[in-house]
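**Q** Structure file my_file.txt, compact mmCIF, C-alpha atoms, is pasted below:
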```txt
# COMPACT_ATOMS: atom_id res chain seq x y z
CA MET A 18 16.19 25.31 44.32
CA ARG A 19 17.84 25.46 40.91
CA ARG A 20 16.12 23.67 38.08
CA ARG A 21 18.47 21.11 36.50
CA ILE A 22 17.79 20.39 32.84
CA ALA A 23 20.87 18.42 31.76
CA LEU A 24 20.20 15.09 33.49
CA ALA A 25 16.88 13.23 33.43
CA LEU A 26 15.57 9.68 33.59
CA GLY A 27 12.53 7.72 32.43
CA GLY A 28 9.46 9.66 31.33
CA ALA A 29 10.82 13.15 32.04
CA THR A 30 11.99 13.52 28.44
CA ALA A 31 8.53 12.82 27.09
CA VAL A 32 6.97 15.26 29.54
CA LEU A 33 9.38 18.01 28.54
CA THR A 34 8.82 17.33 24.84
CA ALA A 35 5.08 17.61 25.26
CA THR A 36 5.43 20.81 27.27
CA LEU A 37 7.70 22.44 24.69
CA ALA A 38 5.36 21.52 21.84
CA ALA A 39 2.51 23.28 23.61
CA LEU A 40 4.37 26.57 23.87
CA THR A 41 4.20 29.26 21.20
CA PRO A 42 7.03 31.49 19.96
CA ALA A 43 5.31 34.47 21.59
CA SER A 44 5.44 32.88 25.03
CA ALA A 45 9.12 32.01 24.56
CA GLN A 46 9.96 35.54 23.47
CA ALA A 47 8.33 37.09 26.53
CA SER A 48 9.31 34.49 29.14
CA PRO A 49 8.82 35.93 32.64
CA GLY A 50 12.45 35.41 33.63
CA LEU A 51 13.78 37.26 30.60
CA ILE A 52 11.42 40.18 31.17
CA ALA A 53 12.35 40.34 34.86
CA ALA A 54 16.08 40.34 34.11
CA MET A 55 15.67 43.11 31.53
CA GLN A 56 13.68 45.16 34.04
CA ARG A 57 16.47 44.79 36.60
CA ASP A 58 19.48 45.39 34.36
CA LEU A 59 18.11 47.80 31.73
CA GLY A 60 15.80 49.84 33.96
CA LEU A 61 12.68 49.02 31.94
CA THR A 62 9.10 48.33 32.93
CA ALA A 63 7.64 44.95 32.01
CA ALA A 64 5.69 46.53 29.15
CA GLN A 65 8.79 48.33 27.86
CA ALA A 66 10.86 45.15 28.01
CA SER A 67 8.22 43.19 26.10
CA ALA A 68 7.88 45.92 23.46
CA ARG A 69 11.66 46.15 23.07
CA LEU A 70 11.99 42.40 22.51
CA THR A 71 9.40 42.60 19.73
CA GLN A 72 11.21 45.55 18.12
CA GLU A 73 14.59 43.84 18.37
CA MET A 74 13.37 40.62 16.79
CA SER A 75 11.96 42.70 13.93
CA ALA A 76 15.30 44.53 13.56
CA ALA A 77 17.22 41.25 13.34
CA ARG A 78 14.96 40.08 10.52
CA VAL A 79 15.11 43.42 8.69
CA LEU A 80 18.92 43.59 8.75
CA PRO A 81 19.78 41.24 5.82
CA GLY A 82 17.40 42.98 3.43
CA ALA A 83 18.41 46.46 4.55
CA GLN A 84 22.10 45.66 4.06
CA GLN A 85 21.37 44.35 0.59
CA ALA A 86 19.35 47.48 -0.20
CA ALA A 87 22.25 49.74 0.85
CA GLY A 88 24.70 47.89 -1.40
CA ALA A 89 28.17 49.39 -1.57
CA ALA A 90 26.93 52.35 0.49
CA PHE A 91 26.30 50.14 3.55
CA GLY A 92 27.94 51.78 6.54
CA GLY A 93 26.98 49.36 9.29
CA ALA A 94 23.78 48.81 11.27
CA TRP A 95 22.58 49.02 14.85
CA PHE A 96 19.35 48.92 16.82
CA ASP A 97 18.23 52.30 18.20
CA PRO A 98 16.01 51.90 21.31
CA ALA A 99 14.78 55.50 20.99
CA ARG A 100 13.49 54.86 17.46
CA GLY A 101 12.55 51.28 18.23
CA LYS A 102 13.99 50.08 14.93
CA LEU A 103 17.10 49.20 12.98
CA VAL A 104 19.33 52.09 11.88
CA VAL A 105 21.57 51.66 8.81
CA GLY A 106 24.47 53.94 7.98
CA VAL A 107 24.76 54.93 4.31
CA THR A 108 27.70 56.67 2.64
CA ASP A 109 25.60 57.64 -0.39
CA PRO A 110 22.30 59.54 0.14
CA ALA A 111 20.94 57.86 -3.01
CA ALA A 112 20.71 54.57 -1.08
CA ALA A 113 18.54 56.01 1.70
CA ALA A 114 15.18 55.41 0.01
CA ALA A 115 15.90 51.74 -0.63
CA VAL A 116 17.03 51.22 2.97
CA ARG A 117 13.88 52.91 4.27
CA GLN A 118 11.73 50.75 2.01
CA ALA A 119 13.45 47.67 3.47
CA GLY A 120 12.20 48.69 6.91
CA ALA A 121 15.25 50.42 8.43
CA GLU A 122 16.06 54.05 9.21
CA PRO A 123 18.96 55.39 7.08
CA VAL A 124 21.52 57.82 8.53
CA ALA A 125 24.55 59.41 6.88
CA THR A 126 27.94 57.91 7.77
CA ARG A 127 31.48 58.77 6.66
CA THR A 128 33.03 55.38 5.96
CA SER A 129 31.57 52.24 4.45
CA ALA A 130 31.44 49.04 6.48
CA ALA A 131 33.53 47.35 3.80
CA LYS A 132 36.38 49.85 4.27
CA LEU A 133 36.25 49.59 8.04
CA ASP A 134 36.19 45.79 7.92
CA ALA A 135 39.15 45.82 5.52
CA ALA A 136 41.09 48.10 7.87
CA LYS A 137 40.36 45.85 10.85
CA ALA A 138 41.29 42.76 8.82
CA ALA A 139 44.63 44.36 7.99
CA ILE A 140 45.30 45.01 11.69
CA ASP A 141 44.29 41.41 12.49
CA ALA A 142 46.69 40.09 9.86
CA ALA A 143 49.55 42.24 11.17
CA ALA A 144 48.87 41.10 14.75
CA LYS A 145 48.94 37.43 13.71
CA ALA A 146 52.40 37.95 12.22
CA ASP A 147 53.60 40.17 15.09
CA PRO A 148 51.42 39.86 18.26
CA ALA A 149 50.01 43.08 19.68
CA PRO A 150 51.58 44.50 22.85
CA ALA A 151 50.03 43.29 26.10
CA ALA A 152 48.88 46.87 26.84
CA VAL A 153 46.55 46.74 23.80
CA SER A 154 43.23 45.35 25.03
CA GLY A 155 41.67 44.91 21.57
CA TRP A 156 40.32 46.61 18.47
CA HIS A 157 37.11 46.72 16.44
CA ALA A 158 35.45 48.51 13.56
CA ASP A 159 32.89 51.05 14.81
CA PRO A 160 30.55 52.33 12.07
CA ARG A 161 29.11 55.01 14.33
CA ALA A 162 32.61 56.41 14.94
CA GLY A 163 33.61 55.91 11.30
CA SER A 164 36.90 54.34 12.36
CA VAL A 165 38.63 51.34 13.86
CA VAL A 166 38.68 51.75 17.64
CA VAL A 167 41.82 50.52 19.39
CA THR A 168 41.41 50.00 23.13
CA LEU A 169 44.41 50.46 25.41
CA GLN A 170 44.75 49.61 29.07
CA PRO A 171 44.83 52.64 31.40
CA GLY A 172 48.29 54.22 31.45
CA ALA A 173 49.47 52.26 28.41
CA ARG A 174 52.52 53.81 26.76
CA GLY A 175 55.80 52.83 25.20
CA ALA A 176 57.51 52.38 21.87
CA ASP A 177 55.73 49.07 21.20
CA VAL A 178 52.30 50.65 21.69
CA ASP A 179 53.24 53.61 19.50
CA ALA A 180 54.48 51.26 16.77
CA PHE A 181 51.25 49.22 16.92
CA LEU A 182 49.11 52.36 16.62
CA ALA A 183 51.20 53.70 13.75
CA LYS A 184 50.79 50.46 11.82
CA ALA A 185 47.06 50.42 12.59
CA ARG A 186 46.67 53.96 11.22
CA GLU A 187 48.28 52.83 7.96
CA ALA A 188 45.29 50.51 7.51
CA GLY A 189 42.63 53.19 7.99
CA PRO A 190 41.15 55.73 10.42
CA VAL A 191 41.82 54.88 14.08
CA THR A 192 40.30 56.14 17.32
CA VAL A 193 42.03 55.29 20.62
CA ARG A 194 40.04 54.54 23.76
CA THR A 195 40.95 53.29 27.23
CA ALA A 196 39.46 50.30 29.08
CA PRO A 197 40.66 47.59 31.49
CA ALA A 198 42.17 44.41 30.07
CA ALA A 199 39.79 41.54 29.37
CA GLN A 200 40.40 38.05 30.74
CA PRO A 201 38.63 34.70 30.25
CA PHE A 202 35.90 33.92 32.80
CA SER A 203 36.84 30.36 33.73
CA ALA A 204 37.39 29.38 37.37
CA GLY A 205 38.74 26.74 39.74
CA THR A 206 36.51 24.02 41.18
CA VAL A 207 33.43 25.13 43.07
CA GLY A 208 30.92 22.47 44.07
CA GLY A 209 27.44 22.26 42.63
CA ASP A 210 27.99 23.99 39.28
CA PRO A 211 27.35 22.74 35.75
CA TYR A 212 30.49 21.06 34.46
CA TYR A 213 34.12 20.48 35.23
CA ILE A 214 37.03 19.83 32.92
CA ASN A 215 39.66 17.28 33.99
CA GLY A 216 38.44 17.73 37.54
CA ASN A 217 39.86 21.19 38.21
CA THR A 218 38.26 23.86 35.99
CA ARG A 219 34.64 24.97 36.10
CA CYS A 220 32.79 26.47 33.14
CA SER A 221 29.19 26.92 32.01
CA ILE A 222 27.15 25.19 29.32
CA GLY A 223 26.37 27.37 26.32
CA PHE A 224 23.68 25.85 24.10
CA SER A 225 22.47 22.34 23.41
CA VAL A 226 23.32 21.07 19.93
CA GLN A 227 22.66 17.73 18.29
CA GLY A 228 24.98 15.34 20.12
CA GLY A 229 26.14 17.64 22.92
CA PHE A 230 26.63 21.30 23.74
CA VAL A 231 28.86 24.24 22.84
CA SER A 232 30.93 26.29 25.25
CA ALA A 233 34.15 28.32 25.40
CA GLY A 234 37.41 27.02 23.96
CA HIS A 235 39.62 28.18 26.83
CA CYS A 236 37.70 25.86 29.17
CA GLY A 237 39.40 22.74 27.82
CA GLY A 238 41.34 21.24 24.93
CA THR A 239 40.21 18.59 22.47
CA GLY A 240 40.05 15.23 24.22
CA SER A 241 39.55 16.67 27.71
CA SER A 242 37.07 14.75 29.85
CA VAL A 243 34.02 16.47 31.33
CA VAL A 244 31.90 15.68 34.38
CA GLY A 245 28.57 17.29 35.21
CA TRP A 246 27.36 19.22 38.23
CA ASP A 247 26.56 15.92 40.00
CA GLY A 248 30.04 14.46 39.44
CA SER A 249 28.96 11.91 36.83
CA TRP A 250 30.86 11.53 33.56
CA MET A 251 29.30 13.82 30.96
CA GLY A 252 31.40 13.60 27.80
CA THR A 253 34.53 14.77 26.00
CA PHE A 254 35.69 17.86 24.15
CA ALA A 255 35.30 16.82 20.50
CA GLY A 256 36.69 20.15 19.29
CA SER A 257 38.21 23.24 20.89
CA SER A 258 39.92 26.41 19.70
CA PHE A 259 41.69 29.06 21.82
CA PRO A 260 43.24 31.55 21.22
CA GLY A 261 42.37 32.76 17.73
CA ASN A 262 38.83 31.65 18.52
CA ASP A 263 37.17 30.85 21.84
CA TYR A 264 34.73 28.03 21.24
CA SER A 265 34.33 24.31 21.81
CA PHE A 266 32.02 21.39 21.17
CA ILE A 267 31.51 18.82 23.93
CA ARG A 268 30.05 15.49 22.75
CA ILE A 269 27.95 14.01 25.56
CA GLY A 270 27.22 10.47 26.76
CA GLY A 271 26.67 8.66 30.03
CA GLY A 272 22.91 9.20 30.00
CA TRP A 273 23.03 12.98 29.61
CA TRP A 274 20.63 14.48 27.12
CA THR A 275 20.02 17.82 25.42
CA ALA A 276 17.16 20.31 25.68
CA PRO A 277 16.49 23.67 23.96
CA VAL A 278 16.65 25.54 27.25
CA VAL A 279 18.80 28.22 28.89
CA LEU A 280 18.77 27.79 32.68
CA GLY A 281 17.24 30.44 34.92
CA TRP A 282 18.94 29.00 38.02
CA GLY A 283 15.80 29.42 40.10
CA THR A 284 16.24 33.18 39.88
CA VAL A 285 14.16 33.57 36.70
CA SER A 286 12.21 31.14 34.55
CA ASP A 287 14.14 28.99 32.09
CA ALA A 288 14.17 30.34 28.51
CA LEU A 289 13.46 28.31 25.39
CA VAL A 290 15.78 28.51 22.37
CA ARG A 291 14.09 28.74 18.97
CA GLY A 292 16.89 29.87 16.64
CA SER A 293 20.01 32.01 16.26
CA TRP A 294 19.12 35.22 14.42
CA VAL A 295 21.97 37.70 14.95
CA ALA A 296 21.02 40.63 17.22
CA PRO A 297 22.23 43.99 15.82
CA VAL A 298 24.37 46.40 17.85
CA GLY A 299 22.13 48.27 20.30
CA THR A 300 19.92 45.25 20.95
CA SER A 301 19.32 43.99 24.48
CA VAL A 302 20.96 40.69 25.37
CA CYS A 303 20.93 38.48 28.48
CA ARG A 304 23.47 36.01 29.82
CA SER A 305 23.16 32.89 31.94
CA GLY A 306 26.20 31.55 33.76
CA SER A 307 26.96 29.21 36.62
CA THR A 308 28.48 31.88 38.88
CA THR A 309 26.31 34.98 38.51
CA HIS A 310 23.20 33.46 36.88
CA TRP A 311 21.05 35.90 34.84
CA HIS A 312 22.16 39.39 33.85
CA CYS A 313 21.15 41.60 30.93
CA GLY A 314 22.58 44.51 28.99
CA THR A 315 23.16 45.70 25.43
CA VAL A 316 25.20 44.59 22.42
CA LEU A 317 27.92 47.26 22.06
CA GLY A 318 29.97 46.00 19.12
CA GLN A 319 30.57 43.10 16.74
CA ASN A 320 33.57 41.53 15.00
CA GLU A 321 35.96 42.79 17.69
CA THR A 322 39.44 41.49 18.39
CA ILE A 323 40.34 40.92 22.05
CA ASN A 324 43.98 40.62 23.02
CA TYR A 325 44.03 38.22 25.99
CA LYS A 326 47.37 37.44 27.62
CA GLU A 327 47.09 33.98 25.99
CA GLY A 328 46.74 35.60 22.54
CA ALA A 329 44.25 37.45 20.36
CA VAL A 330 40.72 36.16 19.77
CA TYR A 331 38.84 37.41 16.69
CA GLN A 332 35.21 38.02 15.64
CA MET A 333 33.93 38.61 19.15
CA THR A 334 30.79 40.51 20.20
CA ARG A 335 31.05 43.07 23.02
CA THR A 336 28.33 43.72 25.60
CA ASN A 337 27.91 45.65 28.83
CA VAL A 338 26.55 42.56 30.57
CA CYS A 339 28.54 41.69 33.68
CA ALA A 340 30.18 38.30 34.27
CA GLU A 341 32.60 36.64 36.69
CA PRO A 342 34.94 33.62 36.81
CA GLY A 343 33.03 30.40 36.17
CA ASP A 344 30.58 32.07 33.76
CA SER A 345 32.80 31.14 30.79
CA GLY A 346 30.99 29.26 28.05
CA GLY A 347 27.56 30.34 29.30
CA SER A 348 24.65 31.41 27.13
CA PHE A 349 24.02 34.82 25.60
CA ILE A 350 20.43 35.06 24.33
CA THR A 351 18.13 37.76 22.93
CA GLY A 352 14.46 36.87 23.26
CA ASP A 353 14.44 33.23 22.18
CA GLN A 354 17.40 33.58 19.80
CA ALA A 355 20.81 32.15 20.76
CA GLN A 356 23.62 34.68 20.30
CA GLY A 357 26.84 33.19 21.61
CA VAL A 358 28.94 31.72 24.42
CA THR A 359 30.64 33.78 27.12
CA SER A 360 34.37 34.28 26.56
CA GLY A 361 35.77 36.91 28.92
CA GLY A 362 35.84 40.56 29.88
CA TRP A 363 36.58 42.92 32.71
CA GLY A 364 34.72 43.96 35.85
CA ASN A 365 32.19 41.99 37.90
CA CYS A 366 28.49 41.92 38.76
CA ARG A 367 28.89 44.26 41.74
CA SER A 368 30.51 47.20 40.00
CA GLY A 369 29.70 46.36 36.34
CA GLY A 370 31.97 45.85 33.36
CA GLU A 371 32.02 44.52 29.80
CA THR A 372 31.85 40.95 28.54
CA TRP A 373 32.59 39.49 25.10
CA PHE A 374 30.98 36.41 23.56
CA GLN A 375 31.88 34.19 20.63
CA PRO A 376 28.92 34.18 18.18
CA VAL A 377 27.15 30.84 18.18
CA ASN A 378 26.58 30.67 14.41
CA GLU A 379 30.34 30.56 13.78
CA ILE A 380 30.63 27.64 16.21
CA LEU A 381 27.80 25.76 14.51
CA GLN A 382 29.35 26.29 11.07
CA THR A 383 32.85 25.30 12.21
CA TYR A 384 31.79 21.95 13.67
CA GLY A 385 28.82 21.27 11.39
CA LEU A 386 26.35 21.40 14.29
CA SER A 387 22.65 22.20 14.64
CA LEU A 388 21.05 23.85 17.64
CA VAL A 389 18.50 21.87 19.58
CA THR A 390 15.45 24.15 19.31
CA ALA A 391 11.93 24.21 20.69
```
Using structure tokens, write down the structure from this file.

**A**
Amino acid sequence: MRRRIALALGGATAVLTATLAALTPASAQASPGLIAAMQRDLGLTAAQASARLTQEMSAARVLPGAQQAAGAAFGGAWFDPARGKLVVGVTDPAAAAAVRQAGAEPVATRTSAAKLDAAKAAIDAAAKADPAPAAVSGWHADPRAGSVVVTLQPGARGADVDAFLAKAREAGPVTVRTAPAAQPFSAGTVGGDPYYINGNTRCSIGFSVQGGFVSAGHCGGTGSSVVGWDGSWMGTFAGSSFPGNDYSFIRIGGGWWTAPVVLGWGTVSDALVRGSWVAPVGTSVCRSGSTTHWHCGTVLGQNETINYKEGAVYQMTRTNVCAEPGDSGGSFITGDQAQGVTSGGWGNCRSGGETWFQPVNEILQTYGLSLVTA
């Protein structure tokens, strides 16, 4: 049977509070469910999964100092599982020693992160003024490729695509790749799942925040009413943004309460949330959603633009974690650190695919929220 966290009565809150207080960060980081999901989806042993989580948490904490040490020579950063540490690209060999002293491994790269980000920002600005063709799936700065990668749908061609690529190349170096189109992972009503918007759309809870929870913006507009998995009134969308962004804040009431927990759905143990350190590219990440439950994979890219049919969404993080309709808004978590809420992607959990999430820290900053943490 699934464990339901969102609704409780009487002394259950006190019991949960006491239980959470007794747990240590180490136990949260290596929760059995998280380890099991990483074993299944990343092909690791339990010992390898535990060691990787420790290395990835270290990499997340090293990143700010390593970026500062690289200065203007910073060429992006990513976690390298083979090295077990953070790798930082540098455009100037003179910066390598300082990066190494900060705890990261420096490697030579052609283009600085600042130049790549500026090129992507220029493409974003052009697309806001003149929307990208539907055949363009998205674009992102890739420090390892030293260019902005533009993703086209298979077989994409035409004067509009050529014009978009020509304008993109004016902004900086461009590499073209092919991938299926992404789409939001919301779904029609299916009984017994976390929450419904205006009675006909199902999505998944992201993370508990003070006063409610965060989820995806395409799930519902500001003012939309929400009911929980049991059909009782849950709250209202206090804020929502889509496209452009894909995030929302649902303010709860009706006896619902918040907990610093990501559901395991009876498949794995529930995971505690202790913060929101940003996981570098290359880091493992797991997702919980109301349709496909727990699945894990790797962070493939950050600050990507996805061109949904409804319009472009910016500053997204790409993963190779699978997802399906109804998983929208669900939690992405690395160890015990919240990463973001599920937006959309392509593929499914039978054949695989890619899924993007909206980083949680941007949502918290936008609405002035604080995570509920253990």

**Q** Quick one: residues within 12 Å of Arg57 (chain A), all atoms listed in the file, excluding same-chain residues fewer than 3 positions away - as number ranges by chain?

**A** A: 50-54, 60-63, 66, 285, 303, 311-314, 338

**Q** Counting only C-alpha atoms, figure out which residue out of A:Gly155, A:Gly82, A:Pro150, A:Gly228 gets nearest to Asp179 (chain A).

**A**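 Checking each candidate against Asp179 (chain A), we get A:Pro150 as the closest.
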
**Q** Which residue, A:Ala180, A:Leu133, A:Val193, A:Val105, has the smallest gap to Ala149 (chain A) when you use only C-alpha atoms?

**A**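 So, comparing all the options, the nearest one is A:Ala180.
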
**Q** Compare A:Ala121, A:Val302, A:Ala131, A:Ala355 by their minimum atom-to-atom distance to Pro81 (chain A), counting all atoms listed in the file, and give me the closest one.

**A** A:Ala121

**Q** Find the spatial neighbours of region 364-374 of chain A, counting only C-alpha atoms, within a cut-off of 6 Å - ignore same-chain residues fewer than 5 positions away - and output them as a list in words.

**A**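 What passes the distance filter is Met333, Thr334, Arg335, Thr336, Asn337, Val338, Cys339, Ala340, Glu341, Gly357, Val358 and Thr359 of chain A.
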
**Q** Considering all atoms listed in the file, state which residue in the set A:Ala255, A:Ser301, A:Pro376, A:Asn324 is at the smallest distance from Asp58 (chain A).

**A**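 Looking only at the distances to Asp58 (chain A), the closest residue turns out to be A:Ser301.
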
**Q** Set the distance at 9 Å and use only C-alpha atoms: which residues neighbour Pro211 (chain A) once local chain neighbours fewer than 6 positions away are removed? I'd like the list as a PDB file with C-alpha atoms, in the frame of the given file.

**A**
```
ATOM      1  CA  ALA A  23      20.870  18.420  31.760  1.00  0.00           C
ATOM      2  CA  ARG A 219      34.640  24.970  36.100  1.00  0.00           C
ATOM      3  CA  CYS A 220      32.790  26.470  33.140  1.00  0.00           C
ATOM      4  CA  SER A 221      29.190  26.920  32.010  1.00  0.00           C
ATOM      5  CA  ILE A 222      27.150  25.190  29.320  1.00  0.00           C
ATOM      6  CA  VAL A 244      31.900  15.680  34.380  1.00  0.00           C
ATOM      7  CA  GLY A 245      28.570  17.290  35.210  1.00  0.00           C
ATOM      8  CA  TRP A 246      27.360  19.220  38.230  1.00  0.00           C
ATOM      9  CA  ASP A 247      26.560  15.920  40.000  1.00  0.00           C
ATOM     10  CA  SER A 307      26.960  29.210  36.620  1.00  0.00           C
TER      11      SER A 307
END
```

**Q** Near region 258-268 of chain A, counting all atoms listed in the file, which residues have an atom at most 7 Å away, once you skip same-chain residues fewer than 6 positions from it, shown as a list of chain:residue names?

**A** A:Gly228, A:Gly229, A:Phe230, A:Val231, A:Ser232, A:Ala233, A:Gly234, A:His235, A:Gly252, A:Glu327, A:Gly328, A:Ala329, A:Val330, A:Tyr331, A:Ser360, A:Gln375, A:Ile380

**Q** For region 84-89 of chain A, work out the shell of residues within 6 Å, counting all atoms listed in the file and skipping chain neighbours fewer than 3 positions away, then give it as a PyMOL selection string.

**A** chain A and resi 81+112+115-116

**Q** Go ahead and write the residues just picked, C-alpha atoms, as an mmCIF file, in the coordinates of the input.

**A**
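And here's result-v5.cif as it stands now:
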```cif
data_model
loop_
_atom_site.group_PDB
_atom_site.id
_atom_site.type_symbol
_atom_site.label_atom_id
_atom_site.label_comp_id
_atom_site.auth_asym_id
_atom_site.auth_seq_id
_atom_site.Cartn_x
_atom_site.Cartn_y
_atom_site.Cartn_z
ATOM 1 C CA PRO A 81 19.780 41.240 5.820
ATOM 2 C CA ALA A 112 20.710 54.570 -1.080
ATOM 3 C CA ALA A 115 15.900 51.740 -0.630
ATOM 4 C CA VAL A 116 17.030 51.220 2.970
#
```

**Q** Which of these residues is nearest to Gln227 (chain A), using only C-alpha atoms: A:Val316, A:Leu388, A:Ala276, A:Leu182?

**A**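 Counting only C-alpha atoms, the residue closest to Gln227 (chain A) is A:Leu388.
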
**Q** Restricting the calculation to all atoms listed in the file: of A:Thr308, A:Thr275, A:Thr300, A:Gln356, which residue gets closest to Val389 (chain A)?

**A**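 Ranked by minimum distance to Val389 (chain A), first place goes to A:Thr275.
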
**Q** Could you work out an axis-aligned box for region 299-310 of chain A, taking every atom the file lists and adding 5 Å on each side, and report centre and edge lengths in Å to one decimal, as lines of an AutoDock Vina configuration file?

**A**
```
center_x = 23.9
center_y = 38.7
center_z = 29.6
size_x = 19.2
size_y = 29.1
size_z = 28.6
```

**Q** Can you measure CA of Ala125 (chain A) to CA of Leu80 (chain A) for me? One decimal in Å is fine.

**A**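 Value for the CA of Ala125 (chain A)-CA of Leu80 (chain A) distance: 16.9 Å.
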
**Q** At what distance in Å, to one decimal, does CA of Thr168 (chain A) lie from CA of Val191 (chain A)?

**A**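 These two atoms are separated by 10.3 Å.
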